[in-house]
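Pasted below: target.cif, mmCIF, C-alpha atoms and all ligand atoms.
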```cif
data_upload
loop_
_atom_site.label_atom_id
_atom_site.label_comp_id
_atom_site.auth_asym_id
_atom_site.auth_seq_id
_atom_site.Cartn_x
_atom_site.Cartn_y
_atom_site.Cartn_z
CA MET J 1 0.00 0.00 0.00
CA ASP J 2 1.40 3.43 -0.81
CA ARG J 3 1.26 6.46 1.49
CA GLN J 4 -1.87 7.91 -0.12
CA GLU J 5 -3.84 4.67 0.15
CA ILE J 6 -2.88 4.19 3.81
CA LEU J 7 -3.95 7.74 4.67
CA GLU J 8 -7.25 7.37 2.78
CA LYS J 9 -8.08 4.08 4.53
CA GLN J 10 -7.07 5.60 7.87
CA ARG J 11 -9.54 8.43 7.28
CA ALA J 12 -12.30 6.08 6.11
CA TYR J 13 -12.05 3.20 8.58
CA LEU J 14 -10.35 4.33 11.77
CA TRP J 15 -11.99 6.56 14.36
CA PRO J 16 -10.98 10.11 13.54
CA ASN J 17 -10.30 10.85 17.22
CA HIS J 18 -7.04 8.86 17.10
CA ILE J 19 -4.44 11.58 17.44
CA VAL J 20 -1.64 11.37 14.88
CA TYR J 21 1.55 13.39 14.72
CA TYR J 22 2.39 15.86 11.93
CA THR J 23 0.25 17.96 9.59
CA GLU J 24 0.57 15.15 7.03
CA PRO J 25 0.62 11.85 9.04
CA LEU J 26 3.69 9.65 8.66
CA PRO J 27 2.98 5.99 7.70
CA LEU J 28 5.86 3.80 8.86
CA ASP J 29 7.00 0.65 7.14
CA HIS J 30 9.90 -0.99 8.97
CA GLY J 31 12.56 -0.40 11.61
CA GLU J 32 16.03 -1.45 12.65
CA GLY J 33 17.72 -0.34 15.87
CA LEU J 34 17.31 3.42 16.31
CA TYR J 35 15.92 3.89 12.79
CA VAL J 36 12.51 3.60 11.15
CA TRP J 37 11.65 3.96 7.47
CA ASP J 38 8.43 5.35 6.03
CA VAL J 39 6.61 3.69 3.14
CA GLU J 40 8.47 5.89 0.67
CA GLY J 41 11.86 4.72 1.92
CA ASN J 42 12.79 7.83 3.93
CA ARG J 43 14.83 7.03 7.05
CA TYR J 44 14.27 8.64 10.47
CA LEU J 45 16.30 8.57 13.67
CA ASP J 46 13.65 7.59 16.21
CA PHE J 47 14.00 9.60 19.41
CA PHE J 48 10.54 8.76 20.73
CA GLY J 49 10.62 4.95 20.36
CA GLY J 50 6.89 4.50 19.81
CA ILE J 51 6.18 6.45 23.03
CA LEU J 52 9.10 5.13 25.11
CA THR J 53 8.26 1.56 24.16
CA THR J 54 10.94 0.16 21.85
CA SER J 55 13.38 0.10 24.74
CA VAL J 56 16.03 -2.02 22.98
CA GLY J 57 15.51 -0.68 19.46
CA HIS J 58 13.32 -1.68 16.55
CA ASN J 59 13.59 -5.31 15.47
CA ASN J 60 16.07 -6.11 18.22
CA ALA J 61 17.53 -9.46 17.11
CA ARG J 62 17.21 -11.06 20.53
CA VAL J 63 13.53 -10.10 20.89
CA VAL J 64 12.69 -11.08 17.30
CA GLU J 65 14.28 -14.50 17.78
CA ALA J 66 12.52 -15.13 21.11
CA VAL J 67 9.13 -14.19 19.63
CA ARG J 68 9.71 -16.28 16.51
CA ALA J 69 10.65 -19.35 18.55
CA GLN J 70 7.66 -18.97 20.88
CA VAL J 71 5.14 -18.39 18.07
CA GLY J 72 6.18 -21.73 16.57
CA ARG J 73 5.62 -23.46 19.91
CA LEU J 74 2.53 -22.05 21.70
CA ILE J 75 0.92 -18.65 21.07
CA HIS J 76 -1.79 -18.66 23.67
CA SER J 77 -2.85 -20.39 26.86
CA SER J 78 -4.64 -17.81 29.13
CA THR J 79 -3.84 -17.44 32.82
CA LEU J 80 -5.84 -20.61 33.52
CA TYR J 81 -2.71 -22.63 32.71
CA PRO J 82 0.75 -21.81 34.06
CA ASN J 83 3.53 -21.49 31.49
CA ALA J 84 7.28 -21.29 31.90
CA ASN J 85 7.75 -17.81 30.36
CA HIS J 86 5.03 -16.36 32.58
CA VAL J 87 6.59 -17.55 35.85
CA ALA J 88 10.17 -16.86 34.72
CA LEU J 89 9.22 -13.28 33.91
CA ALA J 90 7.44 -12.86 37.25
CA GLU J 91 10.60 -14.07 39.00
CA LYS J 92 12.70 -11.59 37.00
CA MET J 93 10.32 -8.75 37.91
CA ALA J 94 10.70 -9.60 41.62
CA GLU J 95 14.49 -9.46 41.15
CA ILE J 96 14.70 -6.05 39.45
CA THR J 97 11.95 -4.12 41.28
CA PRO J 98 12.79 -2.40 44.57
CA GLY J 99 11.98 -3.49 48.12
CA ALA J 100 9.43 -6.14 48.90
CA LEU J 101 7.68 -6.06 45.50
CA GLN J 102 7.40 -9.74 44.71
CA THR J 103 4.24 -10.94 42.96
CA SER J 104 3.05 -9.90 39.51
CA PHE J 105 -0.26 -9.73 37.67
CA PHE J 106 0.36 -9.40 33.93
CA THR J 107 -2.15 -7.70 31.66
CA ASN J 108 -1.98 -6.03 28.23
CA SER J 109 -1.47 -2.30 28.69
CA GLY J 110 -0.57 0.47 31.09
CA SER J 111 -4.24 1.37 31.53
CA GLU J 112 -5.07 -2.16 32.63
CA ALA J 113 -2.06 -2.29 34.95
CA ASN J 114 -3.21 0.92 36.66
CA GLU J 115 -6.82 -0.21 36.86
CA THR J 116 -5.62 -3.45 38.48
CA ALA J 117 -3.52 -1.47 40.98
CA ILE J 118 -6.40 0.77 42.04
CA VAL J 119 -8.81 -2.13 42.54
CA ALA J 120 -6.14 -3.99 44.54
CA ALA J 121 -5.48 -0.97 46.78
CA GLN J 122 -9.18 -0.42 47.42
CA THR J 123 -9.74 -4.09 48.18
CA TYR J 124 -6.68 -4.38 50.43
CA THR J 125 -7.26 -1.23 52.48
CA ASP J 126 -11.05 -1.37 52.42
CA ASN J 127 -10.90 2.38 51.64
CA ARG J 128 -12.19 3.97 48.43
CA GLU J 129 -10.47 7.24 47.75
CA ILE J 130 -7.33 7.68 45.66
CA VAL J 131 -5.22 10.83 45.67
CA ALA J 132 -3.49 11.50 42.36
CA LEU J 133 -1.62 14.52 41.00
CA ARG J 134 -2.69 17.22 38.60
CA HIS J 135 -1.09 16.84 35.15
CA ALA J 136 -1.09 13.03 35.60
CA TYR J 137 -1.83 10.65 32.74
CA SER J 138 -2.97 7.20 33.76
CA GLY J 139 -4.68 5.62 30.75
CA ARG J 140 -7.79 5.47 28.61
CA THR J 141 -10.20 3.34 30.66
CA SER J 142 -12.92 5.13 32.57
CA LEU J 143 -11.16 4.73 35.93
CA THR J 144 -7.72 5.69 34.64
CA MET J 145 -9.20 8.71 32.82
CA SER J 146 -10.51 9.69 36.25
CA VAL J 147 -6.93 9.65 37.55
CA THR J 148 -5.73 11.55 34.49
CA ALA J 149 -5.63 15.27 35.14
CA HIS J 150 -5.60 16.84 31.69
CA ALA J 151 -9.08 17.88 30.55
CA ALA J 152 -8.15 17.11 26.94
CA TRP J 153 -7.45 13.44 27.72
CA LYS J 154 -10.75 12.82 29.52
CA MET J 155 -13.45 11.56 27.17
CA GLY J 156 -16.83 10.37 28.42
CA LYS J 157 -19.06 11.17 31.34
CA SER J 158 -18.52 8.64 34.09
CA PHE J 159 -15.45 9.68 36.04
CA SER J 160 -14.99 8.21 39.48
CA PRO J 161 -15.81 10.59 42.36
CA ASP J 162 -13.29 8.66 44.45
CA ILE J 163 -10.29 10.19 42.69
CA LYS J 164 -8.99 13.49 44.12
CA HIS J 165 -6.15 15.56 42.73
CA ALA J 166 -3.42 17.41 44.63
CA ILE J 167 -1.19 20.05 43.06
CA ASN J 168 1.88 18.61 41.37
CA PRO J 169 5.56 19.38 41.90
CA TYR J 170 5.87 21.40 38.69
CA CYS J 171 8.89 23.50 39.66
CA TYR J 172 9.06 25.43 36.37
CA ARG J 173 5.47 26.62 36.87
CA CYS J 174 5.22 26.23 40.63
CA PRO J 175 1.51 26.22 41.55
CA LEU J 176 2.53 28.03 44.77
CA GLN J 177 4.83 30.52 43.00
CA MET J 178 7.73 29.36 45.14
CA THR J 179 11.26 28.23 44.28
CA PHE J 180 13.06 25.03 45.16
CA PRO J 181 14.84 24.46 47.56
CA SER J 182 13.72 27.45 49.64
CA CYS J 183 10.09 26.29 49.20
CA GLY J 184 10.80 23.31 51.47
CA ILE J 185 8.74 21.25 48.96
CA ALA J 186 5.58 22.98 50.22
CA CYS J 187 3.54 21.46 47.35
CA ALA J 188 3.87 18.01 48.94
CA GLN J 189 1.73 19.19 51.86
CA ASP J 190 -1.19 19.64 49.47
CA VAL J 191 -1.52 15.84 49.41
CA GLU J 192 -2.34 16.02 53.11
CA ASP J 193 -4.70 19.00 52.65
CA VAL J 194 -6.55 17.15 49.88
CA ILE J 195 -6.92 14.06 52.07
CA ARG J 196 -8.18 16.11 55.03
CA THR J 197 -10.57 18.33 53.08
CA THR J 198 -11.88 16.25 50.17
CA THR J 199 -11.84 12.61 51.35
CA SER J 200 -13.30 10.65 54.25
CA GLY J 201 -9.88 10.90 55.87
CA ARG J 202 -8.86 7.31 55.09
CA ILE J 203 -7.53 6.72 51.57
CA ALA J 204 -6.89 3.59 49.52
CA ALA J 205 -3.80 5.02 47.83
CA PHE J 206 -1.70 7.91 46.66
CA MET J 207 -0.84 7.29 43.01
CA ALA J 208 1.80 9.06 40.91
CA GLU J 209 4.35 8.75 38.11
CA PRO J 210 7.95 9.36 39.27
CA ILE J 211 8.29 11.70 36.26
CA GLN J 212 4.99 12.78 34.68
CA GLY J 213 5.17 11.54 31.11
CA VAL J 214 2.28 12.94 29.08
CA GLY J 215 2.37 15.88 31.51
CA GLY J 216 5.63 16.91 29.83
CA PHE J 217 8.37 15.07 31.76
CA ILE J 218 7.65 17.04 34.94
CA THR J 219 10.33 15.92 37.36
CA PRO J 220 9.68 16.23 41.13
CA PRO J 221 12.50 17.62 43.28
CA ASP J 222 14.64 15.46 45.54
CA GLY J 223 12.78 14.59 48.71
CA TYR J 224 9.28 14.88 47.23
CA PHE J 225 8.26 11.22 47.25
CA GLN J 226 9.57 10.61 50.78
CA ILE J 227 7.12 13.25 52.03
CA VAL J 228 4.05 12.22 50.01
CA GLY J 229 4.69 8.51 50.60
CA ALA J 230 4.71 9.07 54.36
CA ILE J 231 1.53 11.17 54.17
CA ALA J 232 -0.30 8.46 52.19
CA ARG J 233 0.64 5.79 54.72
CA HIS J 234 -0.33 7.99 57.65
CA TYR J 235 -3.88 8.16 56.25
CA GLY J 236 -4.12 4.41 55.64
CA GLY J 237 -3.18 4.48 51.95
CA LEU J 238 -0.75 2.52 49.81
CA PHE J 239 1.71 4.18 47.45
CA ILE J 240 1.01 3.14 43.85
CA CYS J 241 3.89 4.10 41.60
CA ASP J 242 3.09 4.30 37.88
CA GLU J 243 6.34 3.34 36.12
CA VAL J 244 4.69 2.90 32.71
CA GLN J 245 7.05 5.48 31.16
CA THR J 246 9.88 5.55 33.70
CA GLY J 247 10.51 1.81 34.07
CA PHE J 248 13.24 -0.52 32.80
CA GLY J 249 16.17 1.82 33.20
CA ARG J 250 14.65 4.72 31.25
CA THR J 251 15.73 7.30 33.87
CA GLY J 252 19.26 5.88 34.22
CA THR J 253 21.18 4.41 37.20
CA HIS J 254 18.18 2.40 38.52
CA TRP J 255 15.79 -0.07 36.90
CA PHE J 256 12.83 2.01 38.06
CA GLY J 257 12.45 5.78 38.34
CA ILE J 258 11.19 5.87 41.92
CA SER J 259 14.54 4.58 43.17
CA HIS J 260 16.01 8.04 42.47
CA TRP J 261 13.93 9.16 45.47
CA ASP J 262 14.86 6.10 47.51
CA VAL J 263 11.24 5.21 48.17
CA GLU J 264 9.69 1.74 48.01
CA PRO J 265 6.14 1.64 46.61
CA ASP J 266 3.52 -0.85 47.79
CA ILE J 267 2.32 -1.39 44.23
CA MET J 268 4.15 -0.60 41.01
CA THR J 269 2.69 -0.60 37.51
CA MET J 270 4.60 -0.92 34.26
CA ALA J 271 4.03 -1.37 30.52
CA LYS J 272 5.50 0.35 27.39
CA GLY J 273 9.22 -0.56 27.49
CA ILE J 274 8.52 -3.90 29.19
CA ALA J 275 8.42 -6.01 26.00
CA ASN J 276 9.87 -3.76 23.26
CA GLY J 277 6.48 -3.23 21.63
CA LEU J 278 4.53 -6.40 22.31
CA PRO J 279 1.43 -5.55 24.34
CA MET J 280 1.93 -6.06 28.05
CA GLY J 281 1.23 -4.46 31.40
CA ASN J 282 2.24 -5.60 34.85
CA THR J 283 1.07 -4.76 38.37
CA ILE J 284 3.56 -5.92 40.97
CA THR J 285 3.00 -5.82 44.71
CA THR J 286 4.14 -7.40 47.95
CA SER J 287 3.27 -10.98 48.82
CA GLU J 288 1.28 -9.73 51.79
CA ILE J 289 -0.96 -7.44 49.69
CA ALA J 290 -1.43 -10.04 46.95
CA GLN J 291 -2.28 -12.73 49.49
CA ALA J 292 -4.92 -10.49 51.08
CA LEU J 293 -6.80 -10.32 47.76
CA VAL J 294 -7.42 -14.06 47.72
CA GLY J 295 -11.09 -14.82 48.30
CA LYS J 296 -12.17 -11.23 47.51
CA GLY J 297 -13.38 -11.99 43.97
CA LEU J 298 -12.38 -14.16 41.02
CA THR J 299 -10.05 -12.74 38.39
CA LEU J 300 -8.23 -13.76 35.23
CA SER J 301 -6.74 -12.24 32.11
CA THR J 302 -7.30 -13.95 28.76
CA PHE J 303 -4.18 -12.48 27.13
CA GLY J 304 -2.26 -11.44 30.26
CA GLY J 305 1.03 -13.27 30.67
CA ASN J 306 0.67 -14.91 27.26
CA PRO J 307 3.68 -16.99 26.18
CA VAL J 308 4.64 -14.69 23.29
CA SER J 309 4.59 -11.33 25.09
CA THR J 310 6.37 -12.83 28.10
CA ALA J 311 9.04 -14.33 25.80
CA ALA J 312 9.48 -10.85 24.29
CA SER J 313 9.72 -9.29 27.74
CA LEU J 314 12.32 -11.78 28.99
CA ALA J 315 14.36 -11.13 25.84
CA THR J 316 13.94 -7.37 26.24
CA ILE J 317 15.20 -7.41 29.83
CA GLY J 318 18.06 -9.72 28.78
CA ALA J 319 18.99 -7.29 26.01
CA LEU J 320 18.79 -4.34 28.41
CA GLU J 321 21.10 -6.12 30.87
CA GLU J 322 23.66 -6.74 28.13
CA GLU J 323 23.26 -3.81 25.74
CA ALA J 324 21.86 -0.92 27.79
CA PRO J 325 21.93 -1.42 31.57
CA PRO J 326 20.73 1.50 33.73
CA ALA J 327 24.32 2.64 34.44
CA GLN J 328 24.93 3.05 30.69
CA VAL J 329 21.63 4.89 30.23
CA ALA J 330 22.80 7.35 32.90
CA VAL J 331 25.98 8.08 30.90
CA ILE J 332 24.26 8.46 27.51
CA GLY J 333 21.46 10.42 29.17
CA ALA J 334 23.96 12.85 30.69
CA ARG J 335 25.42 13.45 27.21
CA LEU J 336 21.95 14.14 25.82
CA ARG J 337 21.16 16.46 28.73
CA GLU J 338 24.38 18.41 28.28
CA GLY J 339 23.58 18.89 24.59
CA LEU J 340 20.03 20.06 25.36
CA GLU J 341 21.32 22.55 27.90
CA ALA J 342 23.67 23.92 25.24
CA LEU J 343 20.61 24.39 23.00
CA TRP J 344 18.85 26.16 25.90
CA ASN J 345 21.77 28.60 26.00
CA LYS J 346 21.40 29.27 22.30
CA TYR J 347 17.64 29.38 21.70
CA PRO J 348 15.34 31.69 23.73
CA LEU J 349 12.20 29.70 22.86
CA ILE J 350 13.41 26.94 25.19
CA GLY J 351 12.20 27.82 28.67
CA ASP J 352 13.13 24.69 30.59
CA VAL J 353 15.09 21.47 30.16
CA ARG J 354 14.22 18.65 32.56
CA GLY J 355 14.12 14.91 33.08
CA LYS J 356 16.43 12.07 33.97
CA GLY J 357 18.44 9.59 31.91
CA LEU J 358 17.03 9.09 28.43
CA MET J 359 13.76 10.81 29.35
CA GLN J 360 14.43 14.48 28.67
CA GLY J 361 11.92 17.24 27.96
CA MET J 362 12.16 20.82 26.73
CA GLU J 363 9.35 23.27 27.47
CA PHE J 364 8.85 26.05 24.91
CA VAL J 365 7.77 29.58 25.84
CA THR J 366 7.29 32.76 23.84
CA ASP J 367 9.54 34.55 26.32
CA ARG J 368 11.37 33.37 29.38
CA ALA J 369 9.99 36.05 31.70
CA SER J 370 6.27 35.54 31.07
CA LYS J 371 6.62 31.78 30.38
CA GLU J 372 3.71 32.06 27.93
CA PRO J 373 3.46 28.57 26.35
CA ALA J 374 4.71 28.43 22.75
CA ALA J 375 2.65 25.53 21.36
CA GLN J 376 2.84 26.78 17.77
CA ALA J 377 6.64 26.76 17.88
CA VAL J 378 6.48 23.09 18.87
CA VAL J 379 4.17 22.33 15.93
CA GLN J 380 6.73 23.94 13.63
CA LEU J 381 9.62 22.18 15.32
CA PHE J 382 7.90 18.87 14.60
CA GLU J 383 7.79 19.63 10.87
CA GLU J 384 11.40 20.87 10.84
CA THR J 385 12.74 17.79 12.66
CA ARG J 386 10.71 15.43 10.48
CA ALA J 387 12.07 17.09 7.35
CA ARG J 388 15.61 16.49 8.67
CA GLY J 389 14.93 12.83 9.60
CA LEU J 390 14.34 12.95 13.37
CA LEU J 391 11.26 11.76 15.28
CA ILE J 392 10.48 13.32 18.67
CA GLY J 393 7.45 13.35 20.99
CA LYS J 394 5.13 16.00 22.35
CA GLY J 395 3.48 16.55 25.74
CA GLY J 396 2.43 19.00 28.41
CA LEU J 397 -0.92 20.49 29.34
CA TYR J 398 -0.30 23.32 26.88
CA GLY J 399 1.19 21.14 24.11
CA ASN J 400 4.44 23.09 24.41
CA VAL J 401 6.85 20.38 25.61
CA ILE J 402 8.92 18.15 23.38
CA ARG J 403 9.68 14.71 24.75
CA ILE J 404 12.98 13.15 23.82
CA ALA J 405 13.20 9.46 24.70
CA PRO J 406 15.09 7.24 22.26
CA PRO J 407 15.49 3.49 22.66
CA LEU J 408 17.85 2.89 25.60
CA THR J 409 20.34 1.31 23.21
CA ALA J 410 21.05 4.77 21.70
CA SER J 411 24.77 5.34 21.10
CA ALA J 412 26.74 8.51 21.82
CA ASP J 413 26.95 9.08 18.05
CA GLN J 414 23.20 8.83 17.62
CA VAL J 415 22.63 11.26 20.49
CA ASP J 416 25.03 13.69 18.81
CA GLN J 417 23.22 13.30 15.47
CA ALA J 418 19.86 14.00 17.12
CA LEU J 419 21.28 17.09 18.84
CA GLU J 420 22.66 18.36 15.55
CA ILE J 421 19.29 17.94 13.82
CA LEU J 422 17.54 19.66 16.74
CA ASP J 423 20.02 22.52 16.50
CA HIS J 424 19.28 23.07 12.79
CA ALA J 425 15.54 22.64 13.27
CA LEU J 426 15.50 25.12 16.17
CA ALA J 427 17.46 27.63 14.10
CA ALA J 428 14.83 27.30 11.35
CA VAL J 429 11.93 27.79 13.81
CA HIS J 430 13.58 30.86 15.36
CA GLU J 431 14.19 32.29 11.91
CA THR J 432 10.58 31.71 10.80
CA LEU J 433 9.29 33.39 13.95
CA GLY J 434 11.82 36.23 13.65
CA ILE J 435 13.45 35.47 17.03
CA ASN J 436 17.19 35.94 17.49
C1 LIG T 501 2.34 7.04 32.88
C2 LIG T 501 1.35 6.29 32.05
N1 LIG T 501 0.51 5.44 32.64
C3 LIG T 501 -0.38 4.72 31.94
C4 LIG T 501 -0.47 4.85 30.58
C5 LIG T 501 -1.47 4.04 29.80
O1 LIG T 501 -0.81 3.04 29.08
P1 LIG T 501 -1.50 2.36 27.80
O2 LIG T 501 -1.55 3.37 26.72
O3 LIG T 501 -0.58 1.21 27.52
O4 LIG T 501 -2.84 1.89 28.25
C6 LIG T 501 0.39 5.71 29.91
C7 LIG T 501 0.32 5.87 28.43
O5 LIG T 501 0.89 6.76 27.85
C8 LIG T 501 1.31 6.46 30.67
O6 LIG T 501 2.15 7.32 30.08
#
```
How does this structure look as structure tokens?
Ligand SMILES: Cc1ncc(COP(=O)(O)O)c(C=O)c1O
Amino acid sequence: MDRQEILEKQRAYLWPNHIVYYTEPLPLDHGEGLYVWDVEGNRYLDFFGGILTTSVGHNNARVVEAVRAQVGRLIHSSTLYPNANHVALAEKMAEITPGALQTSFFTNSGSEANETAIVAAQTYTDNREIVALRHAYSGRTSLTMSVTAHAAWKMGKSFSPDIKHAINPYCYRCPLQMTFPSCGIACAQDVEDVIRTTTSGRIAAFMAEPIQGVGGFITPPDGYFQIVGAIARHYGGLFICDEVQTGFGRTGTHWFGISHWDVEPDIMTMAKGIANGLPMGNTITTSEIAQALVGKGLTLSTFGGNPVSTAASLATIGALEEEAPPAQVAVIGARLREGLEALWNKYPLIGDVRGKGLMQGMEFVTDRASKEPAAQAVVQLFEETRARGLLIGKGGLYGNVIRIAPPLTASADQVDQALEILDHALAAVHETLGIN
């Protein structure tokens, strides 16, 4: 099928509310490592990895081989029958997650993983209310859209009244107009205020992403999660950590983002980078919490833990251990960050650079004093980077943040190439807008 035919069929047969990037959508054909090719044979350096999902690169040989072998053996069994990949992966998850996290429930997406976590927390604590953060993104089911705190991402009418939102630690646009560290992380206290003023006083959980992904890579300051974790527990709640974007070494140094804050969650959810693109979610918790759910209702997942996705996930983690362990991601991420800060020095449209490891964001503003969001500049930057062969992501409540998150196997050379393309693309955007 050529480009035109794909776009016509997309318009005719797929719901038009699917969001697609670029003024003229980009149909992809194949990939290899850090590169993807469109149907016309143009090559792109992929610095968004299918939304932080192709963690070990497109068509990673190890993952392809594991999937191929498993497809020829057994594609499906359901959770009614144990299989070796399923239990081996659960064991691996217990090994790489922090603290007492030990037992997994595999599903098919981040939304399902979060839904599973919320139901588990409510059942375990016998409390109903969940405190989440503004600017969160949690998924596309009704319950996870209730947790999501971006009006634009909430479709439908039946949001749960049990979800309350506290202000988030958005230092660049501090909701309290304060500055870190002199603020003393005052925003964290809002979690307590929300519990005391908008809930029954006993919560099921506090739920947050270590770095808010769709929110625009908003990165809480050191110390934040120690405070909010303690508040949640004081009011009877568990700490659910949504590692859907931040997991599997994405933030460098540690396997999971929350370890940068040295906090151990009671429940952790993950998806995206878990299986290099095969559909999978996981909700991992302590043995004690999982055991307490027994007898509280039957549950299964038809596709969860299926032999093919679990084979892909085991191969993905194996490839990460060998080709891109968290310590290496920290080094490559630091190189990327240094390059982005150099661009910040050069281009006034960039208001903020933030993130950790290979999860780096740049927030665009019309001027640095007013911090007026520059969403149109980001739209233009997308076209300019595409024209030069670089794929990036977008985010933020105002659509003015670019998200840079290549496969974790990115080399120093590839990071340098991406920075060079960004440099040229930014120069073009500044020139178009008449900004020096
Ligand atoms: C932090 C976070 N949680 C949950 C989800 C939902 O995952 P999925 O799209 O796999 O349902 C996403 C998706 O972007 C996410 O970024």
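Relative to CA of Gly139 (chain J), CA of Ala232 (chain J) is found at 22.1 Å.
Proximity ranking of J:Glu209, J:Glu363, J:Asp262, J:Asp413 relative to ligand LIG 501 (chain T) places J:Glu209 first, based on all atoms listed in the file.
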* Kindly provide, as number ranges by chain, all nucleotide and amino acid residues lying within 8 Å of ligand LIG 501 (chain T), counting all atoms listed in the file. => J: 51, 108-114, 136-141, 144, 209, 212-214, 242-246, 270-272, 279-281
* Neighbour list for Tyr170 (chain J) as a list of chain:residue names, cut-off 8 Å, only C-alpha atoms, skip fewer than 6 positions in-chain -> J:Ile218, J:Thr219, J:Pro220
* Please provide as an MDAnalysis selection string all residues within 9 Å of Met207 (chain J), with the sequence filter that same-chain residues fewer than 3 positions apart are discarded (counting only C-alpha atoms). => chainID J and resid 118 130:133 147 238:242
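Candidate residues J:Asn436, J:Ser78, J:Thr409, J:Thr53 were compared for distance to Glu321 (chain J), and the nearest is J:Thr409, using only C-alpha atoms.
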* Asked: Counting all atoms listed in the file, which of J:Ile211, J:Ile163, J:Ile185, J:Met178 gets nearest to Ser142 (chain J)?
  -> J:Ile163
With 3 Å of padding per side, what axis-aligned box (centre and edge lengths, Å, one decimal) covers all the listed atoms of region 395-411 of chain J? Give it as AutoDock Vina command-line options.
```
--center_x 11.9 --center_y 12.3 --center_z 25.2 --size_x 31.7 --size_y 28.0 --size_z 14.2
```
* Within-7 Å shell of (18.0, 13.0, 14.3) in input frame, all atoms listed in the file, as a VMD selection string -> chain J and resid 44 to 45 389 to 391 417 to 419 421
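Relative to CA of Thr253 (chain J), CA of Phe217 (chain J) is found at 17.5 Å.
With CA of Glu8 (chain J) on one side and CA of Val36 (chain J) on the other, the separation reads 21.8 Å.
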